[in-house]
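> One structure, as structure tokens, below. Some questions next.
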Amino acid sequence: MAVVVRMAPSPTGLLHIGNVRTALFNWLYARHDGGEFRLRIENTDTSREVAEAVDQIQDSLRWLGLDWDGPLTFQLDRMDDCRRVADELVAAGKAYEDEGAIRFRMPDEGVTAWEDVVRGRIEYPNEKLEDVVIVRSDGRPTYNFASPLEDVWDGITHVIRGDDHIPNTPKQLNLIRAIGADVPVYGHVPQVNGADGKPLSKRHGSVSVQDFRADGYLPEALMNFLALLGWAPDGETTVMSREELVARFSLERVSPSPAQFDYQKLEWLNGVYLRALSEEEVAHRLLLWLGENGYDWDAELVARATPLVQEKITRLAEFPAFTGFLFGDVEPDPADLDGGASMLAAADEALVSLEPFEAEAIETALRAAADGLGLKPRQAFQPVRVAVTGSKVSPGLFESIELLGRETTLSRLRAAAAAGPA
RNA sequence: GCCCCCAUCGACUAGCGGUCCAGGUCGCGGCCCUUUCAAGGCCGUAGCACGGGUUCGAAUCCCGUUGGGGGCACCA
């Protein structure tokens with residue numbers, strides 16, 4: 001039987017990275033098995049924010065590459081079906097009216113148990129199960145009623161969800177049995193925590209997919225990182241392409257214990273992916289990111305600057321800080337120019353009529369100038385770097401100067417010489 | 001309060017009774033390389049929560065303790 005799984009977010013805001021991790025496990029499982037991954041919105045009303053959230057959810061999933069099968073469905077559309085089933089349950093004596101609402105009669109004795117794919121057997125004493133409200137007094141079905149019904153109607157074979165749903169599972173199991181349907185396999189994956197062991201939230205840093213996108217993370221790196229949160233193929237492999245993840249994923253290897261989100265490791269992984277991309281591809285991503293984040297920078301210059309920083313940046317968002325000097329004016333801190341006056345003058349002289357004005361020749365000329373002053377490369381190049389790029393940290397100096405061009409370089413050298421301490 | 005879940009280096013994890021005085025990755029520290037910052041190379045740091053069992057033998061199985069998390073809605 002083909003696997004059918006689903007992601008069933010409630011449209012209450014931006015897509016939380018923890019939910020995405022759960023969605024990813026569903027997706028990986030479906031793709032690994034050649035099954036289906038469905039997207040279902042668990043909404044119960046139709047406000048404007050909902051429509052917006054639904055768009056954002058889809059947008060985030062697409063960006064990450066989590067494609068879903070079949071049409072997007074809405075819980076709202078099946079309210080009538082739910083009500084019909086509720087009436088049948090009442091007619092069969094399995095549910096009853098209570099102050100206008102309808103409650104489902106839970107068993108009073110024994111246990112409700114299931115074999116959880118990630119945790120093994122879980123048991124619930126039935127005496128602890130309350131008769132859940134399945135239809136509110138206003139006629140709308142509740143989550144604990146609509147959700148399992150939809151799982152049945154959609155032919156969901158495996159319900160992979162957050163472990164906060166464990167207490168709901170025995171209720172849903174009884175409901176499904178009551179309507180005479182087969183129960184799906186359940187798997188409860190642990191939540192994702194912040195560094196303090198508390199559920200990941202805004203105060204820990206970025207939490208929504210949109211946050212990570214704006215931070216300049218690559219979707220493939222984020223996916224790789226997320227997959228490793230609670231799952232590992234063998235304990236040795238860490239960098240895996242999407243195809244490899246799909247090929248190697250298995251629910252049985254998902255850990256039952258909660259994981260902490262390590263931003264530093266994500267950062268490192270992103271750098272790994274960024275460096276592995278071709279220059280052209282990085283330039284392309286950079287351009288997209290810049291466009292999405294309000295930068296209207298010359299595409300050709302961005303492309304030419306890319307090789308200078310591909311190894312130095314770890315996220316796309318770091319690009320502007322590194323290369324801003326190529327796209328706008330700089331304001332060097334005079335204190336950083338300290339003691340460099342003679343080298344600035346020497347650099348000016350070395351570059352004023354240098355031909356060709358290319359990195360290699362520039363390096364030769366500047367090294368000769370430094371030699372002439374008896375300066376170590378380190379001492380000599382730093383003031384030049386500050387004058388030209390406005391910062392003590394920059395891409396390679398000679399390549400930077402080539403890209404900047406002679407005119408701008410010389411004027412910055414002179415401005416710095418004039419502004420710096422004598 | 002009641003119910004449920006979880007427990008290997010700081011973090012993510014491998015380990016499914018002997019091959020583990022516990023392996024990999026991030027981080028951290030040191031060294032090398034070096035025009036800054038990175039990247040890269042090498043070396044190092046650090047862990048089976050505790051207590052009882054079971055067994056010839058336990059990180060691995062069982063029980064308890066402690067610690068963390070979650071749930072107890074006419075929310076999802």
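Residues in the structure tokens are numbered from 1 in each chain, the chains being A, B, ... in the order shown, and ligands are numbered from 1 in the order shown.
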List as a PyMOL selection string the protein and nucleic acid residues near G64 (chain B), meaning an atom at most 12 Å away when only C-alpha atoms (C1' of nucleotides) are counted, but skip any in the same chain fewer than 4 places from it.
chain B and resi 50-53
> Report as a list in words all protein, DNA and RNA residues lying within 10 Å of C75 (chain B), evaluated on only C-alpha atoms (C1' of nucleotides), omitting residues in the same chain fewer than 2 positions from it.
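Counting only C-alpha atoms (C1' of nucleotides), the residues come to Thr142 and Tyr143 of chain A; A73 of chain B.
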> Okay, now the selection with C-alpha atoms (C1' of nucleotides), as a PDB file, in the first residue's frame?

ATOM      1  CA  THR A 142     -13.736  20.641  16.759  1.00  0.00           C
ATOM      2  CA  TYR A 143     -10.182  19.855  15.774  1.00  0.00           C
TER       3      TYR A 143
ATOM      4  C1'   A B  73     -10.620  23.905  26.159  1.00  0.00           C
TER       5        A B  73
END
> Neighbouring residues of region 108-123 of chain A were defined as those with any atom within 9 Å, considering only C-alpha atoms (C1' of nucleotides); residues of the same chain fewer than 3 positions away were excluded. Please report them as a list in words.
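The contact residues come out as Arg105, Asn126, Glu127, Lys128, Leu129, Glu130, Ile160, Ile166, Thr169, Pro170, Lys171, Leu173, Asn174, Val185, Tyr186, Gly187, His188, Val189, Leu251, Glu252, Arg253, Val254, Ser255 and Pro256 of chain A; C4 of chain B.
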> Using only C-alpha atoms (C1' of nucleotides), which residues sit within 10 Å of Ala146 (chain A) once same-chain residues fewer than 6 positions away are excluded, as a PyMOL selection string?
chain A and resi 42+44+75-76+78-79+81-83+134-135+140+152+172
> Go ahead and dump the residues you just picked, C-alpha atoms, as a PDB file, in the first residue's frame.

ATOM      1  CA  GLU A  42      -6.886  23.096   9.407  1.00  0.00           C
ATOM      2  CA  THR A  44     -12.286  26.787  11.104  1.00  0.00           C
ATOM      3  CA  GLN A  75     -10.973  21.656   6.826  1.00  0.00           C
ATOM      4  CA  LEU A  76     -13.649  24.282   6.526  1.00  0.00           C
ATOM      5  CA  ARG A  78     -15.874  19.491   5.172  1.00  0.00           C
ATOM      6  CA  MET A  79     -17.816  20.875   8.082  1.00  0.00           C
ATOM      7  CA  ASP A  81     -19.590  15.979   6.377  1.00  0.00           C
ATOM      8  CA  CYS A  82     -18.310  16.157   9.925  1.00  0.00           C
ATOM      9  CA  ARG A  83     -21.722  17.141  11.206  1.00  0.00           C
ATOM     10  CA  ILE A 134     -16.821  16.862  18.658  1.00  0.00           C
ATOM     11  CA  VAL A 135     -19.286  19.523  17.550  1.00  0.00           C
ATOM     12  CA  ARG A 140     -18.734  23.717  14.016  1.00  0.00           C
ATOM     13  CA  VAL A 152      -9.635   8.817   7.088  1.00  0.00           C
ATOM     14  CA  GLN A 172      -8.716  10.246  17.729  1.00  0.00           C
TER      15      GLN A 172
END
> Please measure the separation of C1' of G70 (chain B) and CA of Thr238 (chain A), giving the value in Å to one decimal.
29.1 Å
> Kindly determine which residues of chain B lie within 7 Å of chain A, considering only C-alpha atoms (C1' of nucleotides), and give the answer as a PyMOL selection string.
chain B and resi 4+6+11-14+24-26+35-39+70-71+74+76
> Just the helix (DSSP H, G or I) stuff from region 233-300 of chain A, please, per backbone DSSP, written as a ChimeraX atom specification.
/A:242-248,251-253,263-276,279-292,299-300
